[in-house]
$ cat final.tsv   # TSV, C-alpha atoms
chain	number	residue	atom	x	y	z
W	1	MET	CA	96.26	-21.29	80.47
W	2	THR	CA	92.92	-19.87	79.28
W	3	PRO	CA	92.73	-17.52	76.24
W	4	LEU	CA	91.95	-14.64	78.61
W	5	ALA	CA	94.97	-15.36	80.81
W	6	THR	CA	97.15	-15.70	77.72
W	7	TYR	CA	96.01	-12.30	76.44
W	8	LEU	CA	96.45	-10.54	79.78
W	9	THR	CA	100.06	-11.71	80.10
W	10	ASP	CA	100.96	-11.17	76.42
W	11	ARG	CA	103.82	-8.65	76.50
W	12	ASP	CA	103.29	-7.90	72.81
W	13	ALA	CA	99.76	-6.59	73.50
W	14	ASP	CA	99.09	-2.99	74.55
W	15	ALA	CA	100.03	-2.77	78.23
W	16	GLY	CA	97.55	-0.02	79.09
W	17	LEU	CA	94.67	-1.97	77.59
W	18	ARG	CA	95.77	-5.17	79.33
W	19	ILE	CA	95.81	-3.34	82.68
W	20	ARG	CA	92.33	-1.92	82.10
W	21	THR	CA	91.01	-5.30	81.03
W	22	ALA	CA	92.48	-6.91	84.14
W	23	ALA	CA	91.03	-4.14	86.30
W	24	VAL	CA	87.54	-4.73	84.90
W	25	LEU	CA	87.92	-8.46	85.47
W	26	LEU	CA	89.04	-8.08	89.08
W	27	PHE	CA	86.76	-5.19	90.04
W	28	ALA	CA	83.75	-7.08	88.65
W	29	ARG	CA	84.61	-10.40	90.24
W	30	GLN	CA	85.92	-9.42	93.67
W	31	GLY	CA	85.09	-5.73	93.97
W	32	TYR	CA	87.19	-2.59	93.74
W	33	ALA	CA	87.88	-2.41	97.48
W	34	ALA	CA	89.19	-5.99	97.62
W	35	THR	CA	91.49	-5.57	94.60
W	36	THR	CA	95.07	-4.44	95.12
W	37	ILE	CA	97.71	-3.14	92.75
W	38	ARG	CA	99.56	-6.37	93.46
W	39	ASP	CA	96.53	-8.32	92.21
W	40	LEU	CA	96.57	-6.31	88.99
W	41	ALA	CA	100.31	-6.79	88.56
W	42	ARG	CA	100.05	-10.53	89.10
W	43	THR	CA	97.16	-10.82	86.61
W	44	VAL	CA	99.03	-9.07	83.79
W	45	GLY	CA	102.48	-10.47	84.60
W	46	MET	CA	104.00	-7.15	85.62
W	47	THR	CA	105.56	-5.63	88.72
W	48	ASN	CA	103.80	-3.08	90.91
W	49	ALA	CA	106.14	-0.45	89.50
W	50	GLY	CA	105.15	-1.51	86.00
W	51	ILE	CA	101.49	-0.89	86.81
W	52	TYR	CA	102.28	2.56	88.24
W	53	HIS	CA	104.17	3.40	85.06
W	54	HIS	CA	100.83	3.27	83.24
W	55	VAL	CA	98.34	4.44	85.88
W	56	PRO	CA	98.93	6.87	88.76
W	57	SER	CA	96.71	5.03	91.26
W	58	LYS	CA	94.03	2.38	91.60
W	59	GLU	CA	91.35	5.05	91.99
W	60	ALA	CA	92.57	6.89	88.89
W	61	LEU	CA	92.26	3.61	86.99
W	62	LEU	CA	88.69	3.14	88.19
W	63	ALA	CA	87.84	6.73	87.35
W	64	ASP	CA	89.21	6.30	83.84
W	65	LEU	CA	87.08	3.19	83.31
W	66	LEU	CA	83.93	4.84	84.65
W	67	ILE	CA	84.35	8.09	82.75
W	68	SER	CA	85.26	6.38	79.47
W	69	GLY	CA	82.44	3.88	79.81
W	70	HIS	CA	79.80	6.48	80.54
W	71	GLN	CA	81.08	8.77	77.79
W	72	GLY	CA	80.80	5.89	75.35
W	73	LEU	CA	77.25	5.16	76.48
W	74	VAL	CA	76.17	8.80	76.19
W	75	GLU	CA	77.72	9.23	72.74
W	76	ALA	CA	76.40	5.93	71.38
W	77	THR	CA	72.91	6.72	72.65
W	78	ALA	CA	72.96	10.08	70.90
W	79	THR	CA	73.83	8.29	67.67
W	80	VAL	CA	71.14	5.64	68.15
W	81	LEU	CA	68.48	8.29	68.78
W	82	ASP	CA	69.60	10.70	66.09
W	83	GLY	CA	66.62	11.80	63.99
W	84	VAL	CA	64.09	9.77	66.02
W	85	SER	CA	61.26	11.91	67.39
W	86	GLY	CA	58.46	9.57	68.53
W	87	ALA	CA	58.42	8.77	72.25
W	88	ALA	CA	57.61	5.08	71.69
W	89	GLU	CA	60.38	4.71	69.10
W	90	ARG	CA	62.89	6.44	71.39
W	91	LEU	CA	61.94	4.28	74.36
W	92	ALA	CA	62.25	1.14	72.21
W	93	LEU	CA	65.75	2.18	71.13
W	94	LEU	CA	66.76	3.05	74.69
W	95	ILE	CA	65.54	-0.31	75.98
W	96	SER	CA	67.22	-2.35	73.27
W	97	SER	CA	70.53	-0.45	73.31
W	98	LEU	CA	70.91	-0.62	77.11
W	99	THR	CA	69.92	-4.29	77.09
W	100	ALA	CA	72.48	-5.13	74.41
W	101	THR	CA	75.26	-3.02	75.94
W	102	HIS	CA	74.97	-4.90	79.23
W	103	ALA	CA	74.61	-8.28	77.55
W	104	LEU	CA	77.74	-7.81	75.44
W	105	ASN	CA	79.84	-6.10	78.14
W	106	PRO	CA	78.76	-7.81	81.38
W	107	LEU	CA	81.86	-7.16	83.43
W	108	THR	CA	82.46	-3.57	82.29
W	109	THR	CA	78.85	-2.60	82.92
W	110	ARG	CA	78.90	-4.33	86.30
W	111	VAL	CA	81.79	-2.05	87.27
W	112	MET	CA	80.08	0.99	85.75
W	113	ASP	CA	76.86	0.29	87.64
W	114	GLY	CA	78.30	-0.82	90.95
W	115	GLU	CA	81.58	0.95	91.72
W	116	LEU	CA	80.68	4.64	91.49
W	117	ARG	CA	80.56	4.74	95.30
W	118	ALA	CA	84.28	3.86	95.41
W	119	LEU	CA	85.32	7.25	94.03
W	120	THR	CA	86.32	9.86	96.60
W	121	PRO	CA	83.35	12.03	97.64
W	122	GLY	CA	83.67	15.54	96.26
W	123	SER	CA	86.30	14.54	93.67
W	124	ALA	CA	86.28	15.91	90.14
W	125	ALA	CA	86.12	12.37	88.78
W	126	LEU	CA	82.98	11.57	90.77
W	127	ALA	CA	81.32	14.79	89.62
W	128	GLU	CA	82.16	13.99	85.99
W	129	VAL	CA	80.75	10.47	86.15
W	130	ILE	CA	77.56	11.69	87.85
W	131	ALA	CA	77.11	14.37	85.17
W	132	LEU	CA	77.52	11.76	82.42
W	133	ARG	CA	75.14	9.35	84.14
W	134	ASP	CA	72.56	12.09	84.57
W	135	ALA	CA	72.88	13.09	80.91
W	136	TYR	CA	72.22	9.51	79.89
W	137	GLU	CA	69.26	9.06	82.24
W	138	ASP	CA	67.79	12.33	80.97
W	139	ARG	CA	67.20	10.54	77.67
W	140	TRP	CA	64.97	8.07	79.49
W	141	ARG	CA	63.25	10.75	81.55
W	142	GLN	CA	62.43	12.76	78.45
W	143	ALA	CA	61.19	9.81	76.44
W	144	VAL	CA	58.81	8.72	79.19
W	145	ALA	CA	57.66	12.27	79.91
W	146	ASP	CA	57.03	12.97	76.23
W	147	GLY	CA	55.05	9.78	75.87
W	148	VAL	CA	52.85	10.67	78.83
W	149	ARG	CA	52.36	14.24	77.61
W	150	GLU	CA	51.43	13.04	74.13
W	151	GLY	CA	48.96	10.52	75.56
W	152	VAL	CA	50.94	7.58	74.14
W	153	PHE	CA	52.08	6.26	77.55
W	154	HIS	CA	49.91	5.82	80.61
W	155	VAL	CA	51.87	5.43	83.86
W	156	ALA	CA	51.15	6.38	87.47
W	157	ASP	CA	54.76	7.18	88.41
W	158	GLN	CA	57.23	8.15	85.71
W	159	LYS	CA	60.33	7.77	87.90
W	160	LEU	CA	59.42	4.29	89.14
W	161	THR	CA	58.56	3.22	85.60
W	162	ARG	CA	61.89	4.47	84.27
W	163	LEU	CA	63.87	2.79	87.05
W	164	ALA	CA	62.02	-0.50	86.58
W	165	LEU	CA	62.66	-0.54	82.84
W	166	MET	CA	66.33	0.35	83.22
W	167	THR	CA	66.80	-2.36	85.85
W	168	MET	CA	65.25	-4.90	83.49
W	169	CYS	CA	67.75	-3.92	80.80
W	170	THR	CA	70.86	-3.88	82.98
W	171	GLY	CA	70.04	-7.31	84.36
W	172	THR	CA	71.27	-8.97	81.17
W	173	SER	CA	74.83	-8.51	82.42
W	174	GLU	CA	74.04	-11.20	85.00
W	175	TRP	CA	72.38	-13.88	82.90
W	176	TYR	CA	72.75	-13.39	79.13
W	177	ARG	CA	74.96	-15.90	77.31
W	178	PRO	CA	75.67	-15.86	73.55
W	179	ASP	CA	75.06	-19.62	73.42
W	180	GLY	CA	71.75	-19.40	75.28
W	181	ASP	CA	68.28	-20.21	74.00
W	182	SER	CA	67.61	-16.72	72.58
W	183	THR	CA	69.70	-14.52	70.32
W	184	LEU	CA	70.52	-11.04	71.56
W	185	GLU	CA	68.19	-9.57	68.94
W	186	GLN	CA	65.36	-11.75	70.26
W	187	VAL	CA	66.07	-10.66	73.84
W	188	CYS	CA	66.06	-7.00	72.79
W	189	ALA	CA	62.81	-7.36	70.86
W	190	GLU	CA	61.11	-9.12	73.77
W	191	PHE	CA	62.31	-6.50	76.24
W	192	VAL	CA	60.99	-3.75	73.96
W	193	ALA	CA	57.60	-5.49	73.90
W	194	ILE	CA	57.63	-5.84	77.71
W	195	GLY	CA	58.71	-2.23	78.18
W	196	LEU	CA	56.09	-0.75	75.89
W	197	ALA	CA	53.43	-2.90	77.54
W	198	ALA	CA	54.56	-1.56	80.92
W	199	VAL	CA	53.86	2.03	79.80
W	200	ARG	CA	50.58	0.86	78.23
W	201	ALA	CA	51.53	2.01	74.77
W	202	PRO	CA	49.47	0.77	71.79
W	203	ALA	CA	50.86	-2.53	70.49
W	204	ARG	CA	52.70	-2.10	67.18
W	205	PRO	CA	56.05	-3.06	65.66
W	206	LEU	CA	58.90	-0.94	66.99
W	207	PRO	CA	62.60	-0.83	66.10
W	208	ILE	CA	65.48	-2.18	68.11
W	209	ALA	CA	68.86	-0.49	68.19
W	210	ASP	CA	71.47	-1.22	65.53
W	211	LEU	CA	73.99	-3.27	67.51
W	212	SER	CA	76.86	-1.85	65.46
W	213	LEU	CA	76.17	1.55	67.08
W	214	LEU	CA	76.66	0.38	70.67
W	215	PRO	CA	79.51	1.90	72.71
W	216	ASP	CA	82.99	0.57	72.05
W	217	LEU	CA	84.32	-0.81	75.36
W	218	PRO	CA	87.60	-2.43	74.29
W	219	TRP	CA	88.63	-3.36	77.85
W	220	GLU	CA	85.75	-5.82	78.27
W	221	PRO	CA	87.44	-9.14	79.08
W	222	PRO	CA	86.85	-11.74	76.37
W	223	ARG	CA	84.73	-14.67	77.45
W	224	ASP	CA	86.72	-17.82	78.22

$ encode --input "final.tsv" --output "structure tokens"
Amino acid sequence: MTPLATYLTDRDADAGLRIRTAAVLLFARQGYAATTIRDLARTVGMTNAGIYHHVPSKEALLADLLISGHQGLVEATATVLDGVSGAAERLALLISSLTATHALNPLTTRVMDGELRALTPGSAALAEVIALRDAYEDRWRQAVADGVREGVFHVADQKLTRLALMTMCTGTSEWYRPDGDSTLEQVCAEFVAIGLAAVRAPARPLPIADLSLLPDLPWEPPRD
């Protein structure tokens, strides 16, 4: 049995956290729609009734993961950017923090990025996640807009630039490995350099985010 499987079936560990960890694992690997409550129960060594004792429904479980994850991202980003005024510095911190968050939490962020469509249209949960996502993306919009207004950035289309940079950062959830050729700090620094070159900002040393300030996502499945 792998360390992950041992943890998920450990009856001495917090049951709610084990269920959320299993949900992230299954939703990321096979998709929310293809995952059943029975799958979750089997993964954590519980009965269906045991799962329902902790969560009211599969959709409520997904909503909890999405809302908690986006809240953590919004709050951590506010901390990372606290007291930073320059557009280039803010963009560097946004790039490095989003890059690292996805690299360190590949399965959780895959669910956060890909399963929003599974929530019921018009539901309060969907509205809350969209509001949190928009609040986060506003940080990027403002940083890029401020840089253009100040004459620091030179881009033809601010929206396309923002989306391209964010996609670059979120891609680390698909390929980054801690035992790879580059450390996470090196990846973040290189992505900052690429991002600032993309907005045609003057080349100069810029900070990367303090990795200790990233969102706490305790349900991210440990790597086997």

$ residues_near_point --input "final.tsv" --point "(85.6, -4.1, 77.0)" --cutoff "9 Å" --atoms "all atoms listed in the file" --output "list in words"
Arg20, Thr21, Val24, Leu104, Asn105, Pro106, Leu107, Thr108, Asp216, Leu217, Pro218, Trp219, Glu220, Pro221 and Pro222 of chain W

$ closest_residue --input "final.tsv" --among "W:Glu59, W:Gln158, W:Thr109, W:Pro215" --to "Leu25 in chain W" --atoms "all atoms listed in the file"
W:Thr109

$ residues_around --input "final.tsv" --residues "Arg38 in chain W" --least-positions-apart "3" --cutoff "7 Å" --atoms "only C-alpha atoms" --output "PyMOL selection string"
chain W and resi 41-42+48

$ residues_near_point --input "final.tsv" --point "(79.4, 6.6, 77.0)" --cutoff "12 Å" --atoms "all atoms listed in the file" --output "ChimeraX atom specification"
/W:64-79,97-98,101,108-109,112,128-129,131-137,213-217

$ residues_around --input "final.tsv" --residues "Gly171 in chain W" --least-positions-apart "4" --cutoff "9 Å" --atoms "all atoms listed in the file" --output "NGL selection string"
:W and (99 or 102-103 or 166-167 or 175-176)

$ residues_around --input "final.tsv" --residues "Gly45 in chain W" --least-positions-apart "3" --cutoff "10 Å" --atoms "all atoms listed in the file" --output "list in words"
Ala5, Leu8, Thr9, Asp10, Arg11, Ile19, Asp39, Leu40, Ala41, Arg42, Asn48, Gly50 and Ile51 of chain W

$ decode --input "final.tsv" --residues "range 25-39 of chain W" --atoms "N, CA, C and O atoms" --output "PDB file, in the first residue's frame"
ATOM      1  N   LEU W  25      -8.147  14.038  -5.122  1.00  0.00           N
ATOM      2  CA  LEU W  25      -7.446  13.005  -5.885  1.00  0.00           C
ATOM      3  C   LEU W  25      -8.319  12.475  -7.014  1.00  0.00           C
ATOM      4  O   LEU W  25      -7.895  12.392  -8.177  1.00  0.00           O
ATOM      5  N   LEU W  26      -9.549  12.123  -6.689  1.00  0.00           N
ATOM      6  CA  LEU W  26     -10.439  11.520  -7.685  1.00  0.00           C
ATOM      7  C   LEU W  26     -10.949  12.534  -8.697  1.00  0.00           C
ATOM      8  O   LEU W  26     -11.001  12.257  -9.898  1.00  0.00           O
ATOM      9  N   PHE W  27     -11.335  13.715  -8.214  1.00  0.00           N
ATOM     10  CA  PHE W  27     -11.830  14.742  -9.144  1.00  0.00           C
ATOM     11  C   PHE W  27     -10.742  15.140 -10.138  1.00  0.00           C
ATOM     12  O   PHE W  27     -11.018  15.391 -11.308  1.00  0.00           O
ATOM     13  N   ALA W  28      -9.495  15.214  -9.659  1.00  0.00           N
ATOM     14  CA  ALA W  28      -8.393  15.620 -10.538  1.00  0.00           C
ATOM     15  C   ALA W  28      -8.038  14.528 -11.527  1.00  0.00           C
ATOM     16  O   ALA W  28      -7.719  14.816 -12.691  1.00  0.00           O
ATOM     17  N   ARG W  29      -8.089  13.284 -11.087  1.00  0.00           N
ATOM     18  CA  ARG W  29      -7.657  12.180 -11.944  1.00  0.00           C
ATOM     19  C   ARG W  29      -8.720  11.706 -12.922  1.00  0.00           C
ATOM     20  O   ARG W  29      -8.417  11.384 -14.071  1.00  0.00           O
ATOM     21  N   GLN W  30      -9.978  11.639 -12.472  1.00  0.00           N
ATOM     22  CA  GLN W  30     -11.010  11.071 -13.349  1.00  0.00           C
ATOM     23  C   GLN W  30     -12.162  12.022 -13.618  1.00  0.00           C
ATOM     24  O   GLN W  30     -13.062  11.708 -14.393  1.00  0.00           O
ATOM     25  N   GLY W  31     -12.126  13.204 -12.986  1.00  0.00           N
ATOM     26  CA  GLY W  31     -13.166  14.189 -13.205  1.00  0.00           C
ATOM     27  C   GLY W  31     -14.283  14.085 -12.182  1.00  0.00           C
ATOM     28  O   GLY W  31     -14.592  13.001 -11.677  1.00  0.00           O
ATOM     29  N   TYR W  32     -14.888  15.227 -11.886  1.00  0.00           N
ATOM     30  CA  TYR W  32     -15.986  15.273 -10.922  1.00  0.00           C
ATOM     31  C   TYR W  32     -17.162  14.415 -11.389  1.00  0.00           C
ATOM     32  O   TYR W  32     -17.720  13.629 -10.622  1.00  0.00           O
ATOM     33  N   ALA W  33     -17.545  14.558 -12.648  1.00  0.00           N
ATOM     34  CA  ALA W  33     -18.730  13.865 -13.152  1.00  0.00           C
ATOM     35  C   ALA W  33     -18.587  12.346 -13.076  1.00  0.00           C
ATOM     36  O   ALA W  33     -19.573  11.634 -12.844  1.00  0.00           O
ATOM     37  N   ALA W  34     -17.360  11.855 -13.256  1.00  0.00           N
ATOM     38  CA  ALA W  34     -17.140  10.407 -13.269  1.00  0.00           C
ATOM     39  C   ALA W  34     -16.903   9.825 -11.883  1.00  0.00           C
ATOM     40  O   ALA W  34     -16.787   8.605 -11.742  1.00  0.00           O
ATOM     41  N   THR W  35     -16.842  10.661 -10.862  1.00  0.00           N
ATOM     42  CA  THR W  35     -16.582  10.206  -9.497  1.00  0.00           C
ATOM     43  C   THR W  35     -17.888  10.058  -8.738  1.00  0.00           C
ATOM     44  O   THR W  35     -18.737  10.954  -8.758  1.00  0.00           O
ATOM     45  N   THR W  36     -18.054   8.932  -8.076  1.00  0.00           N
ATOM     46  CA  THR W  36     -19.266   8.684  -7.294  1.00  0.00           C
ATOM     47  C   THR W  36     -18.947   8.709  -5.800  1.00  0.00           C
ATOM     48  O   THR W  36     -17.792   8.617  -5.381  1.00  0.00           O
ATOM     49  N   ILE W  37     -19.997   8.820  -5.008  1.00  0.00           N
ATOM     50  CA  ILE W  37     -19.831   8.728  -3.558  1.00  0.00           C
ATOM     51  C   ILE W  37     -19.250   7.375  -3.186  1.00  0.00           C
ATOM     52  O   ILE W  37     -18.430   7.251  -2.270  1.00  0.00           O
ATOM     53  N   ARG W  38     -19.623   6.349  -3.924  1.00  0.00           N
ATOM     54  CA  ARG W  38     -19.068   5.018  -3.666  1.00  0.00           C
ATOM     55  C   ARG W  38     -17.552   5.008  -3.903  1.00  0.00           C
ATOM     56  O   ARG W  38     -16.813   4.371  -3.164  1.00  0.00           O
ATOM     57  N   ASP W  39     -17.103   5.710  -4.936  1.00  0.00           N
ATOM     58  CA  ASP W  39     -15.664   5.824  -5.186  1.00  0.00           C
ATOM     59  C   ASP W  39     -14.965   6.473  -3.989  1.00  0.00           C
ATOM     60  O   ASP W  39     -13.893   6.018  -3.554  1.00  0.00           O
TER      61      ASP W  39
END
